[in-house]
Amino acid sequence: RPGTAVAILQEVARQHPGFRPTATFYLTKDLFRASGQEAAALKWLLRNGFELGNHTVNHRNLSTMSKDEVQKEIGDIEARIVQLTGTRTTTLAYPFGAEPKKRSWAQRKDGAYSFKGVFLAGWRPSVSPFSTEFDPLAIPRVRSEGKIKENDCTRYCSTAWLDELDKNPATRYTSDGDPKTITFPRDQEGWLAKEVRGFGRVY
């Protein structure tokens, strides 16, 4: 549909060969308001290279909730996604970036969900997944500005960070395209996590 996130990504790909139109869509109960067409819509996304993520049923603040409430919020939407697509999500984005009283409540519940990555609210880009500082269960994310600017967007939203990264390209993480190597400047060797040092290649 014109004007949607998917349509915009596909248009950019048409205009810029080599750009891969992909994104992760974090789902709550409305499922794009695709009444009666939820399964078809979600399966189309999966077939076309997009990912689905868990964003809880009602987008409530998990920090104020009990263990059972947290697990129900996460587990119920996960069950709905599996029912519609036959596929489990691999990542969770906390509503408002708010962690529950215990991280473990959200990260895993046997038979219901188990996440490889959990996203906080946005205030800065994530470090490289190979960094000693990277925590897959507490990944920061950057918010996009909407029509109504929030006060902190001058420092913490997408335009500010894109400008910052444009001014400081050496701070970006860019894959070298080879999954068997991690290429980086020699003076940053100490930042590489121990478990992946065998893949390091410095210059």
# chains A, B, ... in the order shown; residues from 1 in each chain; ligands from 1
>>> residues_around(residues="A:Ser131", least_positions_apart="2", cutoff="10 Å", atoms="only C-alpha atoms", output="ChimeraX atom specification")
/A:126-129,133-135,188-194,196
>>> select_by_dssp(residues="stretch 16-203 of chain A", states="strand (DSSP E or B)", output="ChimeraX atom specification")
/A:24-27,51-54,91-93,108-109,113-114,117-122,131,139-141,143,157,182-184,192,200-202
>>> select_by_dssp(residues="stretch 35-167 of chain A", states="alpha helix (DSSP H)", output="short mmCIF file (atom, residue, chain, number, x, y, z; two decimals) with N, CA and C atoms, in the first residue's frame")
data_model
loop_
_atom_site.label_atom_id
_atom_site.label_comp_id
_atom_site.auth_asym_id
_atom_site.auth_seq_id
_atom_site.Cartn_x
_atom_site.Cartn_y
_atom_site.Cartn_z
N GLU A 38 -4.84 -11.07 8.85
CA GLU A 38 -3.60 -11.04 9.64
C GLU A 38 -2.58 -12.09 9.17
N ALA A 39 -3.05 -13.32 8.99
CA ALA A 39 -2.12 -14.38 8.59
C ALA A 39 -1.49 -14.08 7.24
N ALA A 40 -2.30 -13.64 6.29
CA ALA A 40 -1.78 -13.34 4.95
C ALA A 40 -0.77 -12.21 5.00
N ALA A 41 -1.06 -11.18 5.80
CA ALA A 41 -0.16 -10.03 5.89
C ALA A 41 1.18 -10.43 6.50
N LEU A 42 1.14 -11.17 7.59
CA LEU A 42 2.38 -11.56 8.27
C LEU A 42 3.20 -12.54 7.43
N LYS A 43 2.53 -13.47 6.78
CA LYS A 43 3.25 -14.42 5.93
C LYS A 43 3.87 -13.72 4.72
N TRP A 44 3.18 -12.71 4.20
CA TRP A 44 3.75 -11.94 3.09
C TRP A 44 5.04 -11.27 3.53
N LEU A 45 5.05 -10.68 4.71
CA LEU A 45 6.26 -10.03 5.22
C LEU A 45 7.40 -11.04 5.32
N LEU A 46 7.14 -12.21 5.87
CA LEU A 46 8.18 -13.22 6.01
C LEU A 46 8.69 -13.70 4.66
N ARG A 47 7.80 -13.89 3.70
CA ARG A 47 8.21 -14.34 2.37
C ARG A 47 9.07 -13.30 1.65
N LYS A 67 5.39 -10.92 37.61
CA LYS A 67 5.97 -11.93 36.71
C LYS A 67 4.89 -12.53 35.81
N ASP A 68 3.76 -12.92 36.38
CA ASP A 68 2.71 -13.55 35.59
C ASP A 68 2.17 -12.58 34.53
N GLU A 69 2.02 -11.31 34.90
CA GLU A 69 1.51 -10.31 33.95
C GLU A 69 2.50 -10.09 32.82
N VAL A 70 3.78 -10.00 33.15
CA VAL A 70 4.81 -9.81 32.12
C VAL A 70 4.79 -10.99 31.15
N GLN A 71 4.78 -12.19 31.69
CA GLN A 71 4.85 -13.36 30.83
C GLN A 71 3.59 -13.55 29.99
N LYS A 72 2.46 -13.10 30.51
CA LYS A 72 1.22 -13.17 29.73
C LYS A 72 1.25 -12.16 28.59
N GLU A 73 1.72 -10.94 28.87
CA GLU A 73 1.81 -9.91 27.83
C GLU A 73 2.69 -10.37 26.67
N ILE A 74 3.80 -10.98 27.02
CA ILE A 74 4.74 -11.43 25.98
C ILE A 74 4.27 -12.74 25.36
N GLY A 75 3.85 -13.68 26.21
CA GLY A 75 3.49 -15.00 25.72
C GLY A 75 2.24 -15.03 24.87
N ASP A 76 1.25 -14.18 25.18
CA ASP A 76 0.01 -14.21 24.41
C ASP A 76 0.21 -13.71 22.98
N ILE A 77 1.00 -12.66 22.81
CA ILE A 77 1.22 -12.18 21.43
C ILE A 77 2.12 -13.16 20.68
N GLU A 78 3.06 -13.79 21.40
CA GLU A 78 3.91 -14.79 20.75
C GLU A 78 3.07 -15.96 20.26
N ALA A 79 2.15 -16.42 21.09
CA ALA A 79 1.27 -17.52 20.69
C ALA A 79 0.42 -17.15 19.48
N ARG A 80 -0.04 -15.91 19.44
CA ARG A 80 -0.85 -15.45 18.30
C ARG A 80 -0.02 -15.43 17.01
N ILE A 81 1.21 -14.96 17.12
CA ILE A 81 2.08 -14.92 15.93
C ILE A 81 2.37 -16.33 15.43
N VAL A 82 2.65 -17.24 16.35
CA VAL A 82 2.91 -18.63 15.96
C VAL A 82 1.66 -19.25 15.32
N GLN A 83 0.50 -18.96 15.88
CA GLN A 83 -0.76 -19.49 15.33
C GLN A 83 -0.97 -19.01 13.90
N LEU A 84 -0.64 -17.76 13.63
CA LEU A 84 -0.90 -17.18 12.31
C LEU A 84 0.17 -17.54 11.28
N THR A 85 1.41 -17.74 11.73
CA THR A 85 2.51 -17.89 10.77
C THR A 85 3.27 -19.21 10.89
N ARG A 103 14.84 -9.24 34.61
CA ARG A 103 15.01 -9.44 33.17
C ARG A 103 14.57 -10.82 32.72
N SER A 104 14.85 -11.82 33.54
CA SER A 104 14.60 -13.20 33.14
C SER A 104 13.13 -13.45 32.82
N TRP A 105 12.22 -12.70 33.44
CA TRP A 105 10.80 -12.89 33.17
C TRP A 105 10.50 -12.67 31.68
N ALA A 106 11.18 -11.72 31.08
CA ALA A 106 10.90 -11.36 29.69
C ALA A 106 11.76 -12.12 28.70
N GLN A 107 12.91 -12.56 29.14
CA GLN A 107 13.85 -13.14 28.18
C GLN A 107 13.46 -14.55 27.75
N CYS A 153 14.71 14.91 21.07
CA CYS A 153 15.06 14.49 19.71
C CYS A 153 16.24 15.27 19.14
N THR A 154 16.50 16.45 19.67
CA THR A 154 17.66 17.20 19.18
C THR A 154 18.96 16.48 19.50
N ARG A 155 18.92 15.55 20.48
CA ARG A 155 20.13 14.79 20.83
C ARG A 155 19.99 13.30 20.58
N TYR A 156 18.79 12.74 20.75
CA TYR A 156 18.69 11.29 20.86
C TYR A 156 17.87 10.61 19.77
N SER A 158 16.60 9.95 15.52
CA SER A 158 17.32 9.46 14.34
C SER A 158 18.11 10.53 13.60
N THR A 159 17.52 11.70 13.37
CA THR A 159 18.23 12.72 12.60
C THR A 159 19.51 13.15 13.29
N ALA A 160 19.43 13.34 14.60
CA ALA A 160 20.62 13.75 15.35
C ALA A 160 21.71 12.70 15.25
N TRP A 161 21.35 11.43 15.38
CA TRP A 161 22.36 10.38 15.32
C TRP A 161 22.89 10.16 13.91
N LEU A 162 22.04 10.30 12.90
CA LEU A 162 22.53 10.19 11.53
C LEU A 162 23.54 11.30 11.23
N ASP A 163 23.26 12.51 11.71
CA ASP A 163 24.21 13.61 11.55
C ASP A 163 25.51 13.31 12.29
N GLU A 164 25.40 12.77 13.50
CA GLU A 164 26.58 12.44 14.30
C GLU A 164 27.44 11.39 13.61
N LEU A 165 26.81 10.35 13.09
CA LEU A 165 27.55 9.29 12.41
C LEU A 165 28.14 9.78 11.09
N ASP A 166 27.46 10.71 10.44
CA ASP A 166 27.99 11.29 9.21
C ASP A 166 29.27 12.08 9.48
N LYS A 167 29.28 12.78 10.62
CA LYS A 167 30.46 13.56 11.00
C LYS A 167 31.60 12.68 11.52
#
>>> closest_residue(among="A:Arg124, A:Arg14, A:Lys102, A:Arg186", to="A:Leu62", atoms="only C-alpha atoms")
A:Lys102
>>> closest_residue(among="A:Cys157, A:Arg108, A:Arg201, A:Tyr94", to="A:Asp176", atoms="only C-alpha atoms")
A:Arg201
>>> residues_around(residues="A:Asn54", least_positions_apart="5", cutoff="8 Å", atoms="only C-alpha atoms", output="PyMOL selection string")
chain A and resi 26-28+74+77-78+89+91-93
>>> write_last_selection(atoms="N, CA and C atoms", output="PDB file, in the first residue's frame")
ATOM      1  N   TYR A  26       7.666  -4.961  14.869  1.00  0.00           N
ATOM      2  CA  TYR A  26       7.347  -5.383  16.233  1.00  0.00           C
ATOM      3  C   TYR A  26       5.840  -5.317  16.449  1.00  0.00           C
ATOM      4  N   LEU A  27       5.290  -6.464  16.825  1.00  0.00           N
ATOM      5  CA  LEU A  27       3.845  -6.653  16.772  1.00  0.00           C
ATOM      6  C   LEU A  27       3.177  -6.552  18.138  1.00  0.00           C
ATOM      7  N   THR A  28       2.040  -5.865  18.154  1.00  0.00           N
ATOM      8  CA  THR A  28       1.121  -5.859  19.279  1.00  0.00           C
ATOM      9  C   THR A  28      -0.208  -6.435  18.783  1.00  0.00           C
ATOM     10  N   ILE A  74       3.803 -10.978  27.016  1.00  0.00           N
ATOM     11  CA  ILE A  74       4.741 -11.433  25.984  1.00  0.00           C
ATOM     12  C   ILE A  74       4.269 -12.741  25.355  1.00  0.00           C
ATOM     13  N   ILE A  77       1.002 -12.661  22.810  1.00  0.00           N
ATOM     14  CA  ILE A  77       1.222 -12.183  21.432  1.00  0.00           C
ATOM     15  C   ILE A  77       2.123 -13.160  20.676  1.00  0.00           C
ATOM     16  N   GLU A  78       3.063 -13.792  21.400  1.00  0.00           N
ATOM     17  CA  GLU A  78       3.913 -14.790  20.751  1.00  0.00           C
ATOM     18  C   GLU A  78       3.068 -15.964  20.258  1.00  0.00           C
ATOM     19  N   THR A  89       9.100 -15.553  17.005  1.00  0.00           N
ATOM     20  CA  THR A  89       9.967 -14.380  16.900  1.00  0.00           C
ATOM     21  C   THR A  89      11.284 -14.675  17.615  1.00  0.00           C
ATOM     22  N   THR A  91      13.301 -11.800  18.593  1.00  0.00           N
ATOM     23  CA  THR A  91      13.644 -10.616  19.380  1.00  0.00           C
ATOM     24  C   THR A  91      12.387  -9.993  19.989  1.00  0.00           C
ATOM     25  N   LEU A  92      12.628  -9.291  21.099  1.00  0.00           N
ATOM     26  CA  LEU A  92      11.590  -8.565  21.822  1.00  0.00           C
ATOM     27  C   LEU A  92      12.023  -7.116  21.941  1.00  0.00           C
ATOM     28  N   ALA A  93      11.085  -6.189  21.760  1.00  0.00           N
ATOM     29  CA  ALA A  93      11.337  -4.777  22.054  1.00  0.00           C
ATOM     30  C   ALA A  93      10.447  -4.380  23.217  1.00  0.00           C
TER      31      ALA A  93
END
>>> atom_distance(atom1="atom CA of A:Thr22", atom2="atom CA of A:Phe96")
23.3 Å
>>> atom_distance(atom1="atom CA of A:Gly49", atom2="atom CA of A:Lys29")
22.0 Å
>>> residues_around(residues="A:Ile182", least_positions_apart="2", cutoff="7 Å", atoms="only C-alpha atoms", output="JSON, numbers by chain")
{"A": [184, 199, 200, 201]}
